[in-house]
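Student: Structure file final.pdb (PDB, C-alpha atoms) right here:
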```pdb
MODEL        1
ATOM      1  CA  VAL V   1      98.219  47.453 -36.867
ATOM      2  CA  THR V   2      96.958  49.476 -39.803
ATOM      3  CA  VAL V   3     100.331  50.564 -41.227
ATOM      4  CA  PRO V   4     101.481  48.578 -44.318
ATOM      5  CA  LEU V   5     104.279  46.072 -43.658
ATOM      6  CA  THR V   6     107.135  45.151 -45.945
ATOM      7  CA  ASN V   7     107.797  41.558 -46.933
ATOM      8  CA  LEU V   8     110.960  41.496 -44.807
ATOM      9  CA  MET V   9     108.967  42.597 -41.748
ATOM     10  CA  LEU V  10     106.408  39.861 -42.358
ATOM     11  CA  GLU V  11     109.125  37.237 -42.666
ATOM     12  CA  ARG V  12     110.689  38.309 -39.368
ATOM     13  CA  ILE V  13     107.283  38.338 -37.629
ATOM     14  CA  LEU V  14     106.440  34.822 -38.826
ATOM     15  CA  ALA V  15     109.922  33.555 -37.982
ATOM     16  CA  SER V  16     109.501  34.818 -34.402
ATOM     17  CA  LEU V  17     106.073  33.189 -34.082
ATOM     18  CA  ILE V  18     107.396  29.873 -35.368
ATOM     19  CA  VAL V  19     110.308  29.921 -32.915
ATOM     20  CA  ASN V  20     108.140  30.997 -29.973
ATOM     21  CA  HIS V  21     105.204  28.604 -30.475
ATOM     22  CA  ASP V  22     106.295  25.012 -30.991
ATOM     23  CA  SER V  23     102.709  24.005 -31.853
ATOM     24  CA  LEU V  24     103.093  25.849 -35.168
ATOM     25  CA  ARG V  25     105.936  23.469 -36.054
ATOM     26  CA  ALA V  26     103.818  20.367 -35.441
ATOM     27  CA  ARG V  27     102.865  17.718 -37.947
ATOM     28  CA  PHE V  28     101.286  14.278 -37.519
ATOM     29  CA  LEU V  29     103.005  11.135 -38.753
ATOM     30  CA  PHE V  30     101.305   7.784 -39.281
ATOM     31  CA  GLU V  31     103.721   5.152 -38.029
ATOM     32  CA  ASN V  32     103.168   1.586 -36.858
ATOM     33  CA  ALA V  33      99.431   1.845 -37.484
ATOM     34  CA  THR V  34      99.044   4.876 -35.227
ATOM     35  CA  TRP V  35      99.242   8.681 -35.456
ATOM     36  CA  LYS V  36     102.069  10.479 -33.662
ATOM     37  CA  GLN V  37     102.625  14.194 -33.194
ATOM     38  CA  ASP V  38     106.028  15.370 -34.350
ATOM     39  CA  ILE V  39     107.339  18.851 -33.518
ATOM     40  CA  ARG V  40     110.250  19.913 -35.670
ATOM     41  CA  THR V  41     113.084  22.075 -34.395
ATOM     42  CA  LYS V  42     113.047  24.317 -37.481
ATOM     43  CA  MET V  43     110.592  25.433 -40.128
ATOM     44  CA  ASN V  44     111.015  27.430 -43.342
ATOM     45  CA  VAL V  45     109.072  30.725 -43.418
ATOM     46  CA  ASP V  46     108.840  30.515 -47.213
ATOM     47  CA  ASP V  47     106.703  27.384 -46.836
ATOM     48  CA  VAL V  48     103.985  29.224 -44.931
ATOM     49  CA  LEU V  49     104.090  32.777 -46.352
ATOM     50  CA  LEU V  50     102.205  33.162 -49.631
ATOM     51  CA  GLN V  51     101.788  36.343 -51.659
ATOM     52  CA  TYR V  52      98.768  37.712 -53.493
ATOM     53  CA  GLN V  53      99.062  40.849 -55.613
ATOM     54  CA  ARG V  54      95.855  42.822 -56.087
ATOM     55  CA  SER V  55      94.987  43.963 -59.591
ATOM     56  CA  ALA V  56      92.943  46.969 -60.624
ATOM     57  CA  SER V  57      91.501  44.941 -63.521
ATOM     58  CA  LEU V  58      89.774  42.410 -61.248
ATOM     59  CA  SER V  59      86.632  42.893 -59.200
ATOM     60  CA  LYS V  60      86.710  42.555 -55.409
ATOM     61  CA  GLU V  61      84.559  39.412 -55.576
ATOM     62  CA  VAL V  62      86.959  37.712 -57.989
ATOM     63  CA  GLU V  63      89.993  38.659 -55.902
ATOM     64  CA  ASP V  64      88.382  37.554 -52.638
ATOM     65  CA  LYS V  65      87.611  34.156 -54.167
ATOM     66  CA  ALA V  66      91.197  33.838 -55.429
ATOM     67  CA  VAL V  67      92.598  34.667 -51.973
ATOM     68  CA  GLU V  68      90.236  32.153 -50.340
ATOM     69  CA  GLU V  69      91.315  29.398 -52.734
ATOM     70  CA  LEU V  70      94.969  30.221 -52.073
ATOM     71  CA  ALA V  71      94.550  30.202 -48.291
ATOM     72  CA  CYS V  72      92.246  27.175 -48.080
ATOM     73  CA  GLN V  73      94.314  24.644 -49.988
ATOM     74  CA  PRO V  74      94.144  21.236 -48.231
ATOM     75  CA  PHE V  75      96.828  20.569 -45.625
ATOM     76  CA  ASP V  76      98.899  17.401 -45.563
ATOM     77  CA  LEU V  77      99.066  16.175 -41.942
ATOM     78  CA  GLN V  78     102.450  14.579 -42.602
ATOM     79  CA  GLY V  79     103.744  17.462 -44.733
ATOM     80  CA  SER V  80     105.951  20.429 -44.017
ATOM     81  CA  HIS V  81     103.365  22.726 -42.396
ATOM     82  CA  LEU V  82      99.793  22.907 -41.107
ATOM     83  CA  PHE V  83      99.282  26.651 -41.292
ATOM     84  CA  ARG V  84      99.812  29.352 -43.880
ATOM     85  CA  VAL V  85      99.613  33.120 -44.140
ATOM     86  CA  VAL V  86      98.569  34.945 -47.305
ATOM     87  CA  ALA V  87      99.947  38.474 -47.610
ATOM     88  CA  ILE V  88      97.609  40.580 -49.747
ATOM     89  CA  LYS V  89      99.597  43.320 -51.470
ATOM     90  CA  GLY V  90      98.264  46.556 -52.868
ATOM     91  CA  GLU V  91      99.431  48.419 -55.942
ATOM     92  CA  SER V  92     102.420  49.834 -54.028
ATOM     93  CA  GLY V  93     103.682  46.294 -53.373
ATOM     94  CA  VAL V  94     103.414  46.423 -49.557
ATOM     95  CA  CYS V  95     101.166  44.183 -47.473
ATOM     96  CA  GLU V  96      97.724  45.675 -46.838
ATOM     97  CA  SER V  97      96.154  42.723 -45.013
ATOM     98  CA  LEU V  98      96.759  39.125 -43.984
ATOM     99  CA  VAL V  99      94.687  35.962 -44.266
ATOM    100  CA  ILE V 100      95.640  33.207 -41.817
ATOM    101  CA  ALA V 101      94.669  29.572 -42.407
ATOM    102  CA  ILE V 102      95.529  27.050 -39.699
ATOM    103  CA  HIS V 103      94.579  23.397 -39.193
ATOM    104  CA  HIS V 104      92.267  22.835 -36.230
ATOM    105  CA  LEU V 105      94.658  20.214 -34.814
ATOM    106  CA  LEU V 106      97.153  22.998 -34.085
ATOM    107  CA  CYS V 107      94.913  25.430 -32.273
ATOM    108  CA  ASP V 108      91.514  26.284 -30.858
ATOM    109  CA  TRP V 109      89.621  29.598 -30.972
ATOM    110  CA  VAL V 110      91.509  30.925 -27.962
ATOM    111  CA  SER V 111      94.741  30.179 -29.830
ATOM    112  CA  VAL V 112      93.580  32.224 -32.806
ATOM    113  CA  ARG V 113      93.060  35.235 -30.548
ATOM    114  CA  LEU V 114      96.488  34.729 -28.949
ATOM    115  CA  LEU V 115      98.117  34.298 -32.347
ATOM    116  CA  VAL V 116      96.638  37.545 -33.676
ATOM    117  CA  GLN V 117      97.625  39.289 -30.431
ATOM    118  CA  ASP V 118     101.239  38.130 -30.783
ATOM    119  CA  MET V 119     101.339  39.094 -34.456
ATOM    120  CA  ASN V 120     100.065  42.559 -33.580
ATOM    121  CA  THR V 121     102.718  42.932 -30.853
ATOM    122  CA  LEU V 122     105.479  41.788 -33.208
ATOM    123  CA  ALA V 123     104.270  44.122 -35.980
ATOM    124  CA  ASN V 124     104.304  47.114 -33.623
ATOM    125  CA  ASN V 125     107.744  46.053 -32.511
ATOM    126  CA  GLU V 126     108.956  45.984 -36.125
ATOM    127  CA  LEU V 127     107.503  49.407 -36.817
ATOM    128  CA  TYR V 128     108.286  51.363 -33.673
ATOM    129  CA  SER V 129     110.892  49.571 -31.551
ATOM    130  CA  THR V 130     114.496  48.395 -31.697
ATOM    131  CA  GLU V 131     113.857  45.587 -29.217
ATOM    132  CA  SER V 132     114.428  41.999 -30.302
ATOM    133  CA  ASN V 133     111.178  40.475 -31.564
ATOM    134  CA  LEU V 134     111.219  37.474 -29.238
ATOM    135  CA  ASN V 135     111.634  39.717 -26.193
ATOM    136  CA  SER V 136     108.287  41.379 -26.916
ATOM    137  CA  ILE V 137     106.109  38.259 -26.539
ATOM    138  CA  SER V 138     105.883  35.852 -23.625
ATOM    139  CA  PRO V 139     107.473  32.471 -24.363
ATOM    140  CA  PRO V 140     104.953  29.687 -23.665
ATOM    141  CA  HIS V 141     105.782  26.214 -22.396
ATOM    142  CA  LEU V 142     106.758  23.343 -24.647
ATOM    143  CA  LEU V 143     103.801  21.158 -25.597
ATOM    144  CA  SER V 144     105.783  18.069 -24.621
ATOM    145  CA  ALA V 145     106.209  19.423 -21.074
ATOM    146  CA  ILE V 146     102.485  20.194 -20.786
ATOM    147  CA  SER V 147     101.541  16.729 -22.044
ATOM    148  CA  ARG V 148     103.921  15.071 -19.583
ATOM    149  CA  GLN V 149     102.524  16.967 -16.586
ATOM    150  CA  ARG V 150      98.931  16.376 -17.683
ATOM    151  CA  SER V 151      99.624  12.646 -17.983
ATOM    152  CA  GLU V 152     100.951  12.582 -14.431
ATOM    153  CA  THR V 153      97.838  14.402 -13.208
ATOM    154  CA  VAL V 154      95.537  11.975 -15.019
ATOM    155  CA  LYS V 155      97.381   9.007 -13.507
ATOM    156  CA  SER V 156      97.086  10.383  -9.978
ATOM    157  CA  ASP V 157      93.381  11.144 -10.425
ATOM    158  CA  SER V 158      92.487   7.941 -12.288
ATOM    159  CA  LYS V 159      90.849   6.144  -9.327
ATOM    160  CA  GLU V 160      88.663   9.118  -8.444
ATOM    161  CA  VAL V 161      87.732   9.631 -12.097
ATOM    162  CA  SER V 162      86.732   5.954 -12.389
ATOM    163  CA  LYS V 163      84.418   6.321  -9.388
ATOM    164  CA  LEU V 164      82.786   9.412 -10.900
ATOM    165  CA  LEU V 165      82.320   7.759 -14.300
ATOM    166  CA  GLY V 166      80.776   4.698 -12.663
ATOM    167  CA  ARG V 167      78.363   6.843 -10.647
ATOM    168  CA  ALA V 168      77.519   8.950 -13.721
ATOM    169  CA  SER V 169      76.739   5.805 -15.725
ATOM    170  CA  VAL V 170      74.300   4.573 -13.081
ATOM    171  CA  ILE V 171      72.547   7.969 -12.925
ATOM    172  CA  ALA V 172      72.379   8.243 -16.717
ATOM    173  CA  ASP V 173      70.777   4.784 -16.955
ATOM    174  CA  SER V 174      68.125   5.713 -14.385
ATOM    175  CA  ILE V 175      67.346   8.965 -16.225
ATOM    176  CA  ASN V 176      67.025   7.149 -19.566
ATOM    177  CA  LYS V 177      64.487   4.792 -18.006
ATOM    178  CA  THR V 178      62.322   7.655 -16.769
ATOM    179  CA  PRO V 179      59.117   7.622 -18.888
ATOM    180  CA  SER V 180      58.767  10.520 -21.354
ATOM    181  CA  SER V 181      61.591  12.538 -19.749
ATOM    182  CA  HIS V 182      63.253  13.188 -23.115
ATOM    183  CA  SER V 183      60.015  14.388 -24.676
ATOM    184  CA  GLN V 184      60.058  17.330 -22.273
ATOM    185  CA  LEU V 185      63.561  18.478 -23.175
ATOM    186  CA  ARG V 186      63.856  21.593 -25.313
ATOM    187  CA  THR V 187      66.625  23.784 -26.671
ATOM    188  CA  LEU V 188      66.496  27.191 -25.014
ATOM    189  CA  HIS V 189      68.290  30.225 -26.406
ATOM    190  CA  LEU V 190      68.933  33.058 -23.949
ATOM    191  CA  THR V 191      69.892  36.616 -24.795
ATOM    192  CA  ILE V 192      71.154  38.977 -22.093
ATOM    193  CA  ASP V 193      71.453  42.666 -22.894
ATOM    194  CA  GLU V 194      74.629  44.573 -22.038
ATOM    195  CA  ARG V 195      73.161  46.348 -18.989
ATOM    196  CA  LYS V 196      71.940  43.133 -17.368
ATOM    197  CA  LEU V 197      75.233  41.446 -18.187
ATOM    198  CA  ARG V 198      77.138  44.187 -16.320
ATOM    199  CA  VAL V 199      74.819  43.752 -13.323
ATOM    200  CA  LEU V 200      75.333  39.975 -13.336
ATOM    201  CA  ARG V 201      79.102  40.321 -13.539
ATOM    202  CA  GLY V 202      79.077  42.813 -10.680
ATOM    203  CA  TYR V 203      76.992  40.418  -8.574
ATOM    204  CA  LEU V 204      79.308  37.507  -9.354
ATOM    205  CA  ALA V 205      82.370  39.598  -8.472
ATOM    206  CA  THR V 206      80.839  40.447  -5.076
ATOM    207  CA  LEU V 207      79.836  36.832  -4.480
ATOM    208  CA  SER V 208      83.318  35.652  -5.436
ATOM    209  CA  LEU V 209      84.828  37.849  -2.723
ATOM    210  CA  GLU V 210      82.348  36.580  -0.135
ATOM    211  CA  LEU V 211      82.912  32.917  -0.993
ATOM    212  CA  GLU V 212      86.650  33.384  -1.621
ATOM    213  CA  THR V 213      86.386  31.602  -4.966
ATOM    214  CA  GLU V 214      86.268  32.889  -8.538
ATOM    215  CA  LEU V 215      82.863  32.736 -10.228
ATOM    216  CA  ASP V 216      81.987  33.769 -13.770
ATOM    217  CA  ILE V 217      79.022  33.765 -16.171
ATOM    218  CA  GLN V 218      79.649  30.139 -17.153
ATOM    219  CA  ASP V 219      79.211  29.076 -13.523
ATOM    220  CA  LEU V 220      75.874  30.898 -13.380
ATOM    221  CA  VAL V 221      74.631  29.289 -16.611
ATOM    222  CA  LEU V 222      75.702  25.847 -15.378
ATOM    223  CA  ALA V 223      74.022  26.333 -11.981
ATOM    224  CA  THR V 224      70.701  27.450 -13.479
ATOM    225  CA  SER V 225      70.813  24.597 -16.027
ATOM    226  CA  LEU V 226      71.356  22.074 -13.251
ATOM    227  CA  ARG V 227      68.470  23.521 -11.238
ATOM    228  CA  SER V 228      66.111  23.285 -14.218
ATOM    229  CA  LEU V 229      67.201  19.734 -15.060
ATOM    230  CA  ASN V 230      66.804  18.729 -11.435
ATOM    231  CA  ASP V 231      63.184  19.928 -11.443
ATOM    232  CA  LEU V 232      62.491  18.254 -14.788
ATOM    233  CA  LEU V 233      64.126  14.870 -14.203
ATOM    234  CA  GLY V 234      63.446  14.518 -10.504
ATOM    235  CA  THR V 235      66.943  13.370  -9.560
ATOM    236  CA  LYS V 236      69.332  14.871  -7.050
ATOM    237  CA  GLU V 237      72.437  14.072  -9.102
ATOM    238  CA  ILE V 238      72.897  14.957 -12.783
ATOM    239  CA  PRO V 239      76.128  14.020 -14.612
ATOM    240  CA  ILE V 240      77.313  16.831 -16.892
ATOM    241  CA  ILE V 241      80.491  16.919 -18.936
ATOM    242  CA  VAL V 242      81.820  20.477 -19.197
ATOM    243  CA  GLU V 243      84.334  21.309 -21.878
ATOM    244  CA  GLY V 244      86.878  24.091 -21.359
ATOM    245  CA  HIS V 245      89.751  25.546 -23.339
ATOM    246  CA  GLY V 246      92.225  23.992 -20.883
ATOM    247  CA  ARG V 247      94.156  27.123 -19.943
ATOM    248  CA  GLU V 248      92.374  27.659 -16.650
ATOM    249  CA  GLU V 249      93.615  24.456 -15.034
ATOM    250  CA  GLN V 250      96.476  24.312 -12.545
ATOM    251  CA  ILE V 251      99.498  22.358 -13.777
ATOM    252  CA  ILE V 252     102.465  22.110 -11.422
ATOM    253  CA  ASP V 253     105.628  20.209 -12.284
ATOM    254  CA  GLU V 254     107.686  17.982 -10.001
ATOM    255  CA  GLU V 255     109.690  21.002  -8.798
ATOM    256  CA  GLY V 256     106.582  22.908  -7.772
ATOM    257  CA  VAL V 257     106.696  25.345 -10.702
ATOM    258  CA  ARG V 258     103.245  26.405 -11.896
ATOM    259  CA  PHE V 259     102.606  26.344 -15.645
ATOM    260  CA  ASP V 260     101.002  29.519 -16.963
ATOM    261  CA  LEU V 261      98.987  28.425 -20.011
ATOM    262  CA  SER V 262      97.346  31.795 -20.647
ATOM    263  CA  GLN V 263      99.525  32.519 -23.703
ATOM    264  CA  GLN V 264      99.708  28.948 -24.980
ATOM    265  CA  ILE V 265      98.781  28.264 -28.593
ATOM    266  CA  GLY V 266      97.548  24.727 -29.117
ATOM    267  CA  TRP V 267      94.551  22.439 -28.765
ATOM    268  CA  LEU V 268      94.377  22.220 -24.977
ATOM    269  CA  THR V 269      90.654  21.466 -24.593
ATOM    270  CA  ARG V 270      89.764  19.476 -21.490
ATOM    271  CA  ALA V 271      86.468  17.850 -20.570
ATOM    272  CA  ARG V 272      85.523  17.488 -16.924
ATOM    273  CA  LEU V 273      82.706  15.526 -15.314
TER     274      LEU V 273
ENDMDL
END
```
Will you turn the file into structure tokens for me?
Tutor:
Amino acid sequence: VTVPLTNLMLERILASLIVNHDSLRARFLFENATWKQDIRTKMNVDDVLLQYQRSASLSKEVEDKAVEELACQPFDLQGSHLFRVVAIKGESGVCESLVIAIHHLLCDWVSVRLLVQDMNTLANNELYSTESNLNSISPPHLLSAISRQRSETVKSDSKEVSKLLGRASVIADSINKTPSSHSQLRTLHLTIDERKLRVLRGYLATLSLELETELDIQDLVLATSLRSLNDLLGTKEIPIIVEGHGREEQIIDEEGVRFDLSQQIGWLTRARL
């Protein structure tokens, strides 16, 4: 959205985001010697929306520094909010741009993209549509429901996970005892140009159809890394922990309903062995 927004529009956009994404209403309380996530039912837009008025008498560098200091004030984990939005106003008094600051406990990089996407949808809705704001963005699941289903999955898989961890520990110990194996390890940076990347993606798409499973670039990088490590370390099994953003996993509740996490804002990162 490149059209200036009024303050009232911004307030309605933020109010819709806060209602739709319960993670934005989260705070963390220290009780009984432990931290606990607390998601409030309501949140005041005025607490998170800050204003900065540009001035013709100040240089861009000075104003940028002032905006940064305003946006990057320390958050209080147990306070009223863990994100803020700075509306930068031009001489006409309307918002020309936004600066969003959000605590990393509330969201990951995927969440930032989703948050900007939702804000853009809501802004277009304010400018060009009469539809209710909340009807224009997909309501995600409650974080409490996701946590509950994930806990059930972890419980059911706990025995298998324990076996894998035990096996990985044995393999890791044997690798560590291999003379001079670490001295041969190097960091390798790969750059793939756009043409080759298109070819690789086309090949993976064809292979996915043949194998009836979805493959992507990450799978290719992991496979080639494993092959190289196998040659270097001389072992048939190599334990690797792969971290993902957590939205690709299948979560199904007790009624058989599948959770779609594609539009979920939050810190959903999962590590798999």
Student: Given 4 Å of margin on each side, can you work out the centre and size in Å (one decimal) of an axis-aligned box holding every listed atom of region 42-57 of chain V, as JSON?
Tutor:
```
{"center_x": 102.3, "center_y": 35.6, "center_z": -50.5, "size_x": 29.5, "size_y": 30.7, "size_z": 34.0}
```
Student: Calculate how many Å separate CA of Gly246 (chain V) from CA of Phe83 (chain V), rounding to one decimal.
Tutor: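 CA of Gly246 (chain V) sits 21.8 Å away from CA of Phe83 (chain V).
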Student: So, counting all atoms listed in the file, which residue among V:Lys65, V:Arg167, V:His103, V:His141 is closest to Ile240 (chain V)?
Tutor: V:Arg167
Student: In file coordinates, which residues lie within 12 Å of (107.6, 34.5, -44.8) using all atoms listed in the file, given as a PyMOL selection string?
Tutor: chain V and resi 6-18+43-51+83-87+95+98
Student: Step by step, work through what the PyMOL selection byres ((chain V and resi 91) around 8) selects in the shown file, and finish by giving those residues as a PyMOL selection string.
Tutor: chain V and resi 53-55+89-90+92-94
Student: Taking only C-alpha atoms into account, name the residue in V:Ser80, V:Asn124, V:Ser151, V:Thr213 that is nearest to Ile252 (chain V).
Tutor: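 Using only C-alpha atoms, Ile252 (chain V) sits closest to V:Ser151.
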Student: To one decimal place, how far is CA of Val257 (chain V) from CA of Asn20 (chain V) in Å?
Tutor: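 Here the two named atoms are 20.1 Å from each other.
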Student: Could you tell me which residues the PyMOL selection byres ((chain V and resi 216-222) around 8) grabs in this file, written as a PyMOL selection string?
Tutor: chain V and resi 200-201+204-205+214-215+223-226
Student: Closest to Pro139 (chain V) among V:Leu261, V:Leu211, V:Val99, V:Leu24, using only C-alpha atoms?
Tutor: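 Ranking V:Leu261, V:Leu211, V:Val99, V:Leu24 by distance to Pro139 (chain V), first place goes to V:Leu261.
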Student: Would you work out the distance separating CA of Leu142 (chain V) from CA of Ser111 (chain V), expressed in Å to one decimal?
Tutor: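 Calculated distance between CA of Leu142 (chain V) and CA of Ser111 (chain V) is 14.8 Å.
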Student: Near Gln117 (chain V), within 12 Å and counting all atoms listed in the file, which residues show up once chain neighbours fewer than 3 positions away are dropped, as a ChimeraX atom specification?
Tutor: /V:1,17,110-114,120-124,136-138,263-265
Student: Starting from the shown file, work through the PyMOL selection byres ((chain V and resi 29-40) around 12) and note down what comes out as JSON, numbers by chain.
Tutor: {"V": [18, 19, 21, 22, 23, 24, 25, 26, 27, 28, 41, 42, 43, 44, 76, 77, 78, 79, 80, 81, 82, 105, 106, 142, 143, 144, 147]}
Student: Give me a file of those residues, with C-alpha atoms, as a PDB file, keeping the file's coordinate frame.
Tutor:
```
ATOM      1  CA  ILE V  18     107.396  29.873 -35.368  1.00  0.00           C
ATOM      2  CA  VAL V  19     110.308  29.921 -32.915  1.00  0.00           C
ATOM      3  CA  HIS V  21     105.204  28.604 -30.475  1.00  0.00           C
ATOM      4  CA  ASP V  22     106.295  25.012 -30.991  1.00  0.00           C
ATOM      5  CA  SER V  23     102.709  24.005 -31.853  1.00  0.00           C
ATOM      6  CA  LEU V  24     103.093  25.849 -35.168  1.00  0.00           C
ATOM      7  CA  ARG V  25     105.936  23.469 -36.054  1.00  0.00           C
ATOM      8  CA  ALA V  26     103.818  20.367 -35.441  1.00  0.00           C
ATOM      9  CA  ARG V  27     102.865  17.718 -37.947  1.00  0.00           C
ATOM     10  CA  PHE V  28     101.286  14.278 -37.519  1.00  0.00           C
ATOM     11  CA  THR V  41     113.084  22.075 -34.395  1.00  0.00           C
ATOM     12  CA  LYS V  42     113.047  24.317 -37.481  1.00  0.00           C
ATOM     13  CA  MET V  43     110.592  25.433 -40.128  1.00  0.00           C
ATOM     14  CA  ASN V  44     111.015  27.430 -43.342  1.00  0.00           C
ATOM     15  CA  ASP V  76      98.899  17.401 -45.563  1.00  0.00           C
ATOM     16  CA  LEU V  77      99.066  16.175 -41.942  1.00  0.00           C
ATOM     17  CA  GLN V  78     102.450  14.579 -42.602  1.00  0.00           C
ATOM     18  CA  GLY V  79     103.744  17.462 -44.733  1.00  0.00           C
ATOM     19  CA  SER V  80     105.951  20.429 -44.017  1.00  0.00           C
ATOM     20  CA  HIS V  81     103.365  22.726 -42.396  1.00  0.00           C
ATOM     21  CA  LEU V  82      99.793  22.907 -41.107  1.00  0.00           C
ATOM     22  CA  LEU V 105      94.658  20.214 -34.814  1.00  0.00           C
ATOM     23  CA  LEU V 106      97.153  22.998 -34.085  1.00  0.00           C
ATOM     24  CA  LEU V 142     106.758  23.343 -24.647  1.00  0.00           C
ATOM     25  CA  LEU V 143     103.801  21.158 -25.597  1.00  0.00           C
ATOM     26  CA  SER V 144     105.783  18.069 -24.621  1.00  0.00           C
ATOM     27  CA  SER V 147     101.541  16.729 -22.044  1.00  0.00           C
TER      28      SER V 147
END
```
Student: Of the residues V:Leu115, V:Asp173, V:Ile192, V:Glu255, which is the one nearest to Ile238 (chain V), using all atoms listed in the file?
Tutor: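 When distances to Ile238 (chain V) are compared using all atoms listed in the file, the smallest one comes from V:Asp173.
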Student: Near Lys236 (chain V), within 10 Å and counting all atoms listed in the file, which residues show up once chain neighbours fewer than 3 positions away are dropped, as a PyMOL selection string?
Tutor: chain V and resi 171+226-227+229-231+233
